[in-house]
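Q: One file: entry.cif (mmCIF, C-alpha atoms).
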```cif
data_model
loop_
_atom_site.label_atom_id
_atom_site.label_comp_id
_atom_site.auth_asym_id
_atom_site.auth_seq_id
_atom_site.Cartn_x
_atom_site.Cartn_y
_atom_site.Cartn_z
CA MET Z 226 107.16 -32.54 94.18
CA SER Z 227 109.83 -33.58 91.72
CA GLY Z 228 109.67 -35.35 88.39
CA LEU Z 229 109.34 -34.64 84.70
CA PHE Z 230 107.59 -31.57 83.34
CA ILE Z 231 107.18 -30.22 79.83
CA GLY Z 232 107.38 -26.52 79.01
CA LEU Z 233 105.80 -24.99 75.89
CA MET Z 234 106.67 -21.55 74.61
CA SER Z 235 105.64 -19.62 71.51
CA GLY Z 236 106.82 -16.04 71.65
CA THR Z 237 106.03 -12.79 69.88
CA SER Z 238 108.16 -13.85 66.90
CA MET Z 239 105.56 -16.57 66.17
CA ASP Z 240 108.15 -18.62 64.27
CA GLY Z 241 107.39 -21.88 66.06
CA VAL Z 242 106.70 -23.71 69.31
CA ASP Z 243 109.56 -24.69 71.62
CA ALA Z 244 108.91 -27.79 73.73
CA VAL Z 245 111.28 -29.02 76.44
CA LEU Z 246 111.30 -32.00 78.78
CA VAL Z 247 112.82 -31.09 82.15
CA ASP Z 248 113.69 -33.15 85.21
CA PHE Z 249 113.23 -31.20 88.46
CA SER Z 250 114.16 -34.04 90.81
CA ALA Z 251 117.69 -32.66 91.40
CA THR Z 252 118.77 -29.33 92.86
CA SER Z 253 119.00 -27.72 89.42
CA PRO Z 254 116.63 -28.38 86.51
CA ARG Z 255 118.03 -30.88 84.02
CA LEU Z 256 117.06 -30.56 80.36
CA ILE Z 257 116.35 -34.01 78.96
CA GLY Z 258 115.40 -32.91 75.46
CA GLY Z 259 114.01 -30.14 73.31
CA HIS Z 260 112.02 -29.88 70.10
CA SER Z 261 111.02 -26.92 67.95
CA GLU Z 262 107.86 -27.32 65.91
CA PRO Z 263 107.77 -24.80 63.03
CA MET Z 264 104.78 -22.51 62.71
CA PRO Z 265 102.92 -23.33 59.46
CA ASP Z 266 102.72 -20.33 57.16
CA HIS Z 267 98.91 -20.25 57.08
CA LEU Z 268 98.78 -20.27 60.88
CA PHE Z 269 101.43 -17.55 61.14
CA LYS Z 270 99.42 -15.31 58.80
CA GLY Z 271 96.19 -16.02 60.69
CA LEU Z 272 97.81 -15.10 64.00
CA GLN Z 273 99.31 -11.94 62.53
CA ARG Z 274 95.83 -10.87 61.40
CA LEU Z 275 94.32 -11.68 64.77
CA CYS Z 276 96.90 -9.55 66.56
CA GLN Z 277 95.43 -6.49 64.84
CA PRO Z 278 91.81 -5.31 65.30
CA GLY Z 279 89.60 -6.53 62.46
CA SER Z 280 86.31 -8.13 61.45
CA ASP Z 281 84.98 -11.58 62.42
CA GLU Z 282 87.45 -11.67 65.31
CA ILE Z 283 85.53 -14.05 67.58
CA ASN Z 284 85.15 -16.76 64.94
CA ARG Z 285 88.78 -16.43 63.91
CA LEU Z 286 89.91 -16.49 67.55
CA GLY Z 287 87.87 -19.62 68.26
CA ARG Z 288 89.29 -21.51 65.30
CA LEU Z 289 92.86 -20.40 65.90
CA ASP Z 290 92.60 -21.25 69.61
CA ARG Z 291 91.96 -24.90 68.68
CA THR Z 292 94.50 -24.90 65.83
CA VAL Z 293 97.28 -23.50 68.03
CA GLY Z 294 96.34 -26.07 70.70
CA LYS Z 295 96.80 -28.85 68.13
CA LEU Z 296 100.19 -27.43 67.12
CA PHE Z 297 101.30 -27.30 70.75
CA ALA Z 298 100.15 -30.92 71.23
CA LYS Z 299 102.07 -31.96 68.13
CA ALA Z 300 105.22 -30.35 69.58
CA VAL Z 301 104.74 -32.34 72.80
CA ASN Z 302 104.18 -35.65 71.00
CA GLN Z 303 107.22 -35.10 68.79
CA LEU Z 304 109.30 -34.30 71.88
CA LEU Z 305 108.13 -37.49 73.65
CA ALA Z 306 108.89 -39.56 70.56
CA ARG Z 307 112.36 -38.05 70.33
CA THR Z 308 113.18 -38.67 74.01
CA GLY Z 309 111.44 -42.06 74.30
CA VAL Z 310 109.46 -40.91 77.33
CA SER Z 311 105.88 -42.06 77.99
CA PRO Z 312 103.15 -39.49 78.69
CA LEU Z 313 102.52 -41.39 81.94
CA GLU Z 314 105.96 -40.33 83.19
CA VAL Z 315 105.21 -36.60 82.83
CA VAL Z 316 103.58 -34.80 85.76
CA ALA Z 317 102.24 -31.87 83.70
CA ILE Z 318 102.75 -29.59 80.74
CA GLY Z 319 103.26 -25.86 81.37
CA SER Z 320 101.89 -24.01 78.34
CA HIS Z 321 102.44 -20.30 77.87
CA GLY Z 322 100.06 -20.09 74.90
CA GLN Z 323 100.33 -17.68 72.01
CA THR Z 324 99.82 -14.05 73.03
CA ILE Z 325 97.47 -12.24 70.68
CA ARG Z 326 96.75 -9.15 72.84
CA HIS Z 327 98.61 -7.75 75.82
CA MET Z 328 96.96 -4.59 77.19
CA PRO Z 329 97.62 -4.58 80.95
CA SER Z 330 97.76 -0.80 81.32
CA LEU Z 331 94.17 -0.04 80.29
CA ASP Z 332 91.66 0.99 82.98
CA THR Z 333 90.57 -2.64 82.94
CA GLY Z 334 93.78 -4.27 81.83
CA TYR Z 335 93.91 -7.68 80.21
CA THR Z 336 96.21 -10.15 78.52
CA LEU Z 337 95.07 -12.87 76.16
CA GLN Z 338 96.86 -16.06 75.13
CA ILE Z 339 95.36 -18.76 72.91
CA GLY Z 340 96.21 -22.42 72.34
CA ASP Z 341 93.36 -24.40 73.93
CA PRO Z 342 94.80 -26.31 76.93
CA ASN Z 343 91.94 -28.83 76.75
CA THR Z 344 93.02 -29.75 73.22
CA ILE Z 345 96.64 -30.14 74.34
CA ALA Z 346 95.58 -32.35 77.28
CA VAL Z 347 93.34 -34.58 75.16
CA GLU Z 348 95.85 -35.02 72.34
CA THR Z 349 98.84 -35.75 74.61
CA GLY Z 350 97.22 -37.56 77.53
CA ILE Z 351 99.01 -35.24 79.97
CA ASN Z 352 97.55 -32.71 82.42
CA VAL Z 353 98.14 -29.14 81.29
CA ILE Z 354 98.81 -26.07 83.42
CA ALA Z 355 98.07 -22.89 81.47
CA ASP Z 356 96.73 -19.33 81.76
CA PHE Z 357 99.66 -18.17 83.88
CA ARG Z 358 99.39 -14.44 83.26
CA ARG Z 359 95.81 -13.45 84.08
CA LYS Z 360 95.96 -13.98 87.87
CA ASP Z 361 98.79 -11.45 88.04
CA VAL Z 362 96.75 -8.99 85.92
CA ALA Z 363 93.73 -9.54 88.22
CA LEU Z 364 96.01 -8.49 91.09
CA GLY Z 365 96.83 -5.21 89.33
CA GLY Z 366 100.02 -6.45 87.70
CA GLN Z 367 101.32 -6.42 84.16
CA GLY Z 368 101.14 -10.22 83.88
CA ALA Z 369 104.67 -10.01 82.48
CA PRO Z 370 107.44 -10.76 82.56
CA LEU Z 371 106.98 -13.99 84.53
CA VAL Z 372 110.38 -15.56 83.95
CA PRO Z 373 112.38 -13.40 86.45
CA ALA Z 374 111.30 -15.67 89.33
CA PHE Z 375 112.77 -18.61 87.40
CA HIS Z 376 115.91 -16.62 86.58
CA GLN Z 377 116.35 -15.90 90.29
CA GLU Z 378 116.07 -19.61 91.14
CA VAL Z 379 118.46 -20.82 88.46
CA PHE Z 380 120.89 -18.01 87.58
CA ALA Z 381 121.37 -15.81 90.67
CA ALA Z 382 124.61 -15.82 92.65
CA PRO Z 383 124.92 -14.13 96.07
CA ASP Z 384 128.23 -12.45 95.22
CA ALA Z 385 127.46 -11.25 91.70
CA VAL Z 386 125.47 -8.55 89.93
CA ARG Z 387 123.86 -10.31 87.00
CA VAL Z 388 121.47 -9.29 84.25
CA ILE Z 389 119.59 -11.98 82.32
CA LEU Z 390 118.58 -10.61 78.93
CA ASN Z 391 115.96 -12.46 76.92
CA ILE Z 392 115.81 -11.29 73.30
CA GLY Z 393 112.71 -12.71 71.68
CA GLY Z 394 110.31 -10.63 69.61
CA ILE Z 395 110.29 -8.30 72.61
CA ALA Z 396 113.39 -7.90 74.79
CA ASN Z 397 113.18 -8.18 78.56
CA ILE Z 398 115.72 -8.05 81.36
CA THR Z 399 115.93 -9.55 84.82
CA PHE Z 400 118.17 -7.78 87.32
CA LEU Z 401 119.74 -10.16 89.86
CA PRO Z 402 121.72 -8.00 92.32
CA GLY Z 403 122.61 -10.91 94.63
CA ASP Z 404 119.69 -10.17 96.99
CA ARG Z 405 116.54 -12.14 96.14
CA ASN Z 406 114.40 -9.37 97.68
CA LYS Z 407 115.68 -6.83 95.16
CA VAL Z 408 115.10 -8.71 91.92
CA LEU Z 409 113.62 -6.58 89.11
CA GLY Z 410 112.48 -7.34 85.60
CA PHE Z 411 110.64 -5.67 82.72
CA ASP Z 412 110.37 -5.38 78.94
CA THR Z 413 112.85 -2.94 77.45
CA GLY Z 414 111.08 -2.74 74.06
CA PRO Z 415 111.58 -4.36 70.65
CA GLY Z 416 113.92 -7.32 70.49
CA ASN Z 417 113.77 -9.14 67.16
CA THR Z 418 110.27 -8.11 66.11
CA LEU Z 419 111.09 -5.05 63.99
CA ILE Z 420 114.34 -6.36 62.50
CA ASP Z 421 112.50 -9.56 61.56
CA VAL Z 422 109.62 -7.64 59.94
CA TRP Z 423 112.04 -5.57 57.86
CA VAL Z 424 114.21 -8.46 56.65
CA GLN Z 425 111.15 -10.58 55.86
CA GLN Z 426 109.71 -7.73 53.82
CA HIS Z 427 112.87 -7.00 51.81
CA LEU Z 428 114.93 -10.20 51.65
CA GLN Z 429 112.10 -12.75 52.14
CA THR Z 430 114.13 -14.55 54.80
CA PRO Z 431 112.73 -15.26 58.28
CA PHE Z 432 115.52 -13.40 60.11
CA ASP Z 433 118.81 -11.56 59.58
CA LYS Z 434 121.32 -14.34 60.25
CA ASP Z 435 124.09 -13.10 62.58
CA GLY Z 436 122.88 -9.55 61.86
CA ALA Z 437 124.89 -9.64 58.60
CA TRP Z 438 122.46 -7.42 56.66
CA ALA Z 439 122.36 -4.87 59.51
CA ALA Z 440 126.17 -4.94 59.62
CA SER Z 441 126.27 -4.01 55.91
CA GLY Z 442 124.27 -0.83 56.59
CA LYS Z 443 124.88 2.46 58.38
CA THR Z 444 122.65 3.63 61.22
CA ASN Z 445 120.77 6.87 60.66
CA ASP Z 446 121.06 8.89 63.86
CA ASP Z 447 117.98 11.04 63.18
CA LEU Z 448 115.73 8.01 62.68
CA LEU Z 449 117.19 6.33 65.76
CA LYS Z 450 116.61 9.44 67.86
CA GLN Z 451 113.03 9.74 66.62
CA MET Z 452 112.21 6.11 67.44
CA MET Z 453 113.85 6.33 70.85
CA SER Z 454 111.66 9.32 71.74
CA HIS Z 455 108.69 6.97 72.13
CA PRO Z 456 107.21 7.39 75.64
CA TYR Z 457 107.55 3.67 76.44
CA PHE Z 458 111.32 3.96 76.63
CA ALA Z 459 111.10 6.70 79.29
CA GLN Z 460 108.42 4.88 81.29
CA ASN Z 461 109.36 3.59 84.73
CA PHE Z 462 109.05 -0.12 85.52
CA PRO Z 463 107.02 -2.22 86.15
CA LYS Z 464 106.20 -2.19 82.45
CA SER Z 465 105.59 -4.62 79.63
CA THR Z 466 104.84 -4.31 75.95
CA GLY Z 467 104.27 -6.33 72.79
CA LYS Z 468 103.31 -6.30 69.14
CA GLU Z 469 100.26 -4.20 70.01
CA LEU Z 470 102.69 -1.28 70.20
CA PHE Z 471 105.83 -2.16 68.25
CA ASN Z 472 104.60 -3.58 64.95
CA GLN Z 473 104.74 -3.02 61.20
CA ALA Z 474 102.22 -0.17 61.32
CA TRP Z 475 104.32 1.65 63.95
CA LEU Z 476 107.44 1.06 61.88
CA GLU Z 477 105.84 2.41 58.70
CA HIS Z 478 104.77 5.53 60.60
CA GLN Z 479 108.33 6.03 61.87
CA LEU Z 480 109.75 5.66 58.36
CA ALA Z 481 107.38 8.16 56.71
CA GLN Z 482 110.05 10.88 56.56
CA PHE Z 483 112.95 8.50 55.88
CA SER Z 484 111.99 6.84 52.58
CA HIS Z 485 115.30 8.01 51.08
CA LEU Z 486 117.31 5.63 53.27
CA LYS Z 487 118.75 2.39 51.95
CA ASP Z 488 116.99 -0.74 53.21
CA GLN Z 489 120.14 -2.03 54.93
CA ASP Z 490 120.61 1.35 56.67
CA ILE Z 491 117.10 1.03 58.12
CA GLN Z 492 117.93 -2.51 59.24
CA SER Z 493 121.07 -1.25 60.98
CA THR Z 494 119.05 1.50 62.68
CA LEU Z 495 116.41 -0.99 63.87
CA LEU Z 496 119.11 -3.21 65.33
CA ASP Z 497 120.56 -0.19 67.13
CA LEU Z 498 117.09 0.62 68.49
CA THR Z 499 117.05 -2.81 70.11
CA CYS Z 500 120.60 -2.45 71.45
CA HIS Z 501 120.30 1.13 72.70
CA THR Z 502 117.00 0.59 74.51
CA ILE Z 503 118.37 -2.54 76.21
CA ALA Z 504 121.62 -0.81 77.21
CA LYS Z 505 119.82 2.30 78.47
CA ASP Z 506 117.69 0.23 80.85
CA VAL Z 507 120.56 -2.01 81.97
CA LEU Z 508 122.62 1.06 82.90
CA LYS Z 509 119.73 2.41 85.00
CA LEU Z 510 120.11 -0.68 87.18
CA ALA Z 511 123.89 -1.11 87.35
CA LYS Z 512 127.03 0.35 85.78
CA ALA Z 513 128.95 -2.93 85.69
CA GLY Z 514 128.43 -6.64 86.14
CA GLU Z 515 127.66 -9.76 84.16
CA LEU Z 516 125.06 -10.00 81.39
CA TYR Z 517 123.84 -13.35 80.10
CA ALA Z 518 121.67 -13.39 76.99
CA CYS Z 519 119.11 -15.95 75.88
CA GLY Z 520 116.43 -16.18 73.20
CA GLY Z 521 116.94 -15.95 69.45
CA GLY Z 522 118.70 -12.58 69.66
CA ALA Z 523 121.50 -14.10 71.74
CA LEU Z 524 122.60 -15.88 68.56
CA ASN Z 525 122.79 -12.63 66.57
CA ALA Z 526 126.52 -11.90 66.52
CA GLU Z 527 126.16 -8.29 65.35
CA LEU Z 528 123.58 -7.54 68.04
CA MET Z 529 125.86 -8.92 70.75
CA ARG Z 530 128.85 -7.01 69.35
CA ARG Z 531 126.98 -3.69 69.39
CA LEU Z 532 125.56 -4.35 72.84
CA GLN Z 533 129.07 -4.99 74.22
CA LEU Z 534 130.19 -1.60 72.86
CA LEU Z 535 127.31 0.08 74.69
CA LEU Z 536 128.00 -1.85 77.92
CA PRO Z 537 131.81 -1.81 78.15
CA ASP Z 538 131.91 -2.58 81.88
CA PHE Z 539 129.69 -5.66 81.60
CA ARG Z 540 130.94 -9.12 80.74
CA LEU Z 541 128.62 -10.40 78.02
CA ALA Z 542 127.95 -14.07 77.38
CA THR Z 543 124.98 -16.33 76.77
CA THR Z 544 123.24 -18.44 79.42
CA ALA Z 545 125.21 -21.40 78.06
CA GLN Z 546 127.97 -20.11 80.38
CA LEU Z 547 125.58 -20.80 83.27
CA GLY Z 548 124.72 -24.27 82.01
CA VAL Z 549 121.44 -23.55 80.17
CA ASP Z 550 121.17 -23.48 76.37
CA PRO Z 551 119.94 -19.95 75.47
CA LYS Z 552 117.47 -21.39 72.95
CA TRP Z 553 115.47 -23.24 75.62
CA VAL Z 554 115.49 -20.87 78.64
CA GLU Z 555 111.93 -19.55 78.31
CA ALA Z 556 110.40 -22.96 77.60
CA ILE Z 557 112.19 -24.38 80.66
CA ALA Z 558 110.77 -21.48 82.67
CA PHE Z 559 107.21 -22.55 81.82
CA ALA Z 560 107.96 -26.13 82.83
CA TRP Z 561 109.15 -24.61 86.12
CA LEU Z 562 105.97 -22.54 86.42
CA ALA Z 563 103.92 -25.74 86.00
CA MET Z 564 105.97 -27.33 88.77
CA ARG Z 565 105.33 -24.33 91.04
CA PHE Z 566 101.59 -24.68 90.38
CA GLU Z 567 101.68 -28.36 91.30
CA GLN Z 568 103.52 -27.48 94.51
CA GLY Z 569 101.00 -24.75 95.36
CA LEU Z 570 103.78 -22.15 95.42
CA PRO Z 571 103.66 -18.54 94.18
CA ALA Z 572 105.47 -17.78 90.94
CA ASN Z 573 105.14 -14.03 90.36
CA LEU Z 574 107.36 -11.29 91.77
CA PRO Z 575 105.24 -8.23 92.65
CA ALA Z 576 108.29 -5.94 92.35
CA VAL Z 577 108.58 -7.10 88.75
CA THR Z 578 104.97 -7.18 87.58
CA GLY Z 579 103.37 -4.61 89.89
CA ALA Z 580 100.85 -7.10 91.30
CA SER Z 581 99.50 -6.40 94.79
CA ARG Z 582 100.79 -9.73 96.15
CA GLN Z 583 102.39 -13.02 95.26
CA ALA Z 584 100.10 -15.73 93.90
CA VAL Z 585 99.97 -19.26 92.57
CA LEU Z 586 99.71 -18.78 88.80
CA GLY Z 587 97.87 -20.92 86.28
CA ALA Z 588 94.98 -23.35 86.10
CA ARG Z 589 94.88 -27.14 85.60
CA TYR Z 590 93.27 -28.79 82.58
CA PRO Z 591 93.14 -32.55 83.24
CA ALA Z 592 93.79 -35.09 80.49
CA ALA Z 593 91.27 -37.52 81.98
#
```
I'd like the structure from this file rewritten - as structure tokens, please.
A:
Amino acid sequence: MSGLFIGLMSGTSMDGVDAVLVDFSATSPRLIGGHSEPMPDHLFKGLQRLCQPGSDEINRLGRLDRTVGKLFAKAVNQLLARTGVSPLEVVAIGSHGQTIRHMPSLDTGYTLQIGDPNTIAVETGINVIADFRRKDVALGGQGAPLVPAFHQEVFAAPDAVRVILNIGGIANITFLPGDRNKVLGFDTGPGNTLIDVWVQQHLQTPFDKDGAWAASGKTNDDLLKQMMSHPYFAQNFPKSTGKELFNQAWLEHQLAQFSHLKDQDIQSTLLDLTCHTIAKDVLKLAKAGELYACGGGALNAELMRRLQLLLPDFRLATTAQLGVDPKWVEAIAFAWLAMRFEQGLPANLPAVTGASRQAVLGARYPAA
């Protein structure tokens, strides 16, 4: 099956919803248009609360499920208006949903995304494919990351060792060694989540543009060493993580003995935590090669500069060098996952997620 698909992605940063319209009728996916719908402040705060255990959770979850669904639908309708495409021309929407809990390593592991697909389908008039992660978890997997299969399809080259690095709230890497049977992928740890929390708290800006504030500070080696001693960073893959682990409460605990540090020095140290944990895991997989970054962190000049210093034998660039705008990579991946569902084809990589077998991921929510 070919045709037009829409991908919807709202990551751990919770700063908005990315919507893309993609044409899969050619050999390579062609991006027709993209739209980012900002996350309203009241919704952002509600989701932040829901990500932490609290009272009245079921009522709050139910309301936010519908509200996030309406926001996702608004992103789709804005995208269609911008591109001049009719809903009748779109085969399906692939919606990731908004993750509010990701606990795959419990005895009975689970992952939970909200953003009611029925609401999206009704308000857009387009069939929705959603709930991509839970089949993989049911098969004993982490349910994440799911994008390495897409990275393999679009970015792999038989004669190159490539790493695709996605730096959203959480950072994850896909290792493409040139052999599709040896593809690996996992979460390395915090991406933007902690540096965003700290800059929002102290400068009241959504993010540290180009890493300028971090660049003005000096990394504290003792704090960096303490944070890097967390067991997650020594854990073998498959592994995945999220805000359940690396959040403001964790950060406050880490800073308990470091209240004497300047705010910008803490920001620099948090940025180095992101860079060092990424580099450490990349070097476990290969000593040299090509690294292509995507996600919001790919646009952080200071982050990319520090990462290059830690990976001197890698050529660093963004996925723009491979023909895909780094801002839209993950949203395109979920359009691709919707296409795989429609084709009845598996979309997980057991070597990546730890699932017992490959599987068709997702479920259909008809507009009719």
Q: Given the file above and the PyMOL selection byres ((chain Z and resi 553) around 8), which residues are selected, and can you give them as a ChimeraX atom specification?
A: /Z:243,245,259,520,549-552,554-557
Q: Evaluate the PyMOL selection byres ((chain Z and resi 562) around 12) against this structure - the residues, as a PyMOL selection string, please.
A: chain Z and resi 230-234+247+249+317-321+353-358+371-376+378+555-561+563-573+584-588
Q: Given all atoms listed in the file as the basis, pick out the residue of Z:Asp290, Z:Asp332, Z:Asp446, Z:Glu527 nearest to Z:Ile491.
A: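 Of Z:Asp290, Z:Asp332, Z:Asp446, Z:Glu527, the one nearest Z:Ile491 is Z:Asp446, counting all atoms listed in the file.
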Q: Applying the PyMOL selection byres ((chain Z and resi 510) around 10) to the file I just gave you, which residues come out? Please list them as a PyMOL selection string.
A: chain Z and resi 386+388+400-402+409+505-509+511-513
Q: Just to be explicit: take each residue in the selection above, keep C-alpha atoms, and write the result as a PDB file, in the frame of the given file.
A:
```pdb
ATOM      1  CA  VAL Z 386     125.470  -8.550  89.930  1.00  0.00           C
ATOM      2  CA  VAL Z 388     121.470  -9.290  84.250  1.00  0.00           C
ATOM      3  CA  PHE Z 400     118.170  -7.780  87.320  1.00  0.00           C
ATOM      4  CA  LEU Z 401     119.740 -10.160  89.860  1.00  0.00           C
ATOM      5  CA  PRO Z 402     121.720  -8.000  92.320  1.00  0.00           C
ATOM      6  CA  LEU Z 409     113.620  -6.580  89.110  1.00  0.00           C
ATOM      7  CA  LYS Z 505     119.820   2.300  78.470  1.00  0.00           C
ATOM      8  CA  ASP Z 506     117.690   0.230  80.850  1.00  0.00           C
ATOM      9  CA  VAL Z 507     120.560  -2.010  81.970  1.00  0.00           C
ATOM     10  CA  LEU Z 508     122.620   1.060  82.900  1.00  0.00           C
ATOM     11  CA  LYS Z 509     119.730   2.410  85.000  1.00  0.00           C
ATOM     12  CA  ALA Z 511     123.890  -1.110  87.350  1.00  0.00           C
ATOM     13  CA  LYS Z 512     127.030   0.350  85.780  1.00  0.00           C
ATOM     14  CA  ALA Z 513     128.950  -2.930  85.690  1.00  0.00           C
TER      15      ALA Z 513
END
```
Q: With all atoms listed in the file as the counted atoms, please give the residues lying no more than 12 Å from Z:His267, apart from itself and same-chain residues fewer than 4 positions off, as a count of residues only.
A: 10
Q: Could you tell me how far atom CA of Z:Val310 lies from atom CA of Z:Gly258, in Å and to one decimal?
A: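 Value for the atom CA of Z:Val310-atom CA of Z:Gly258 distance: 10.1 Å.
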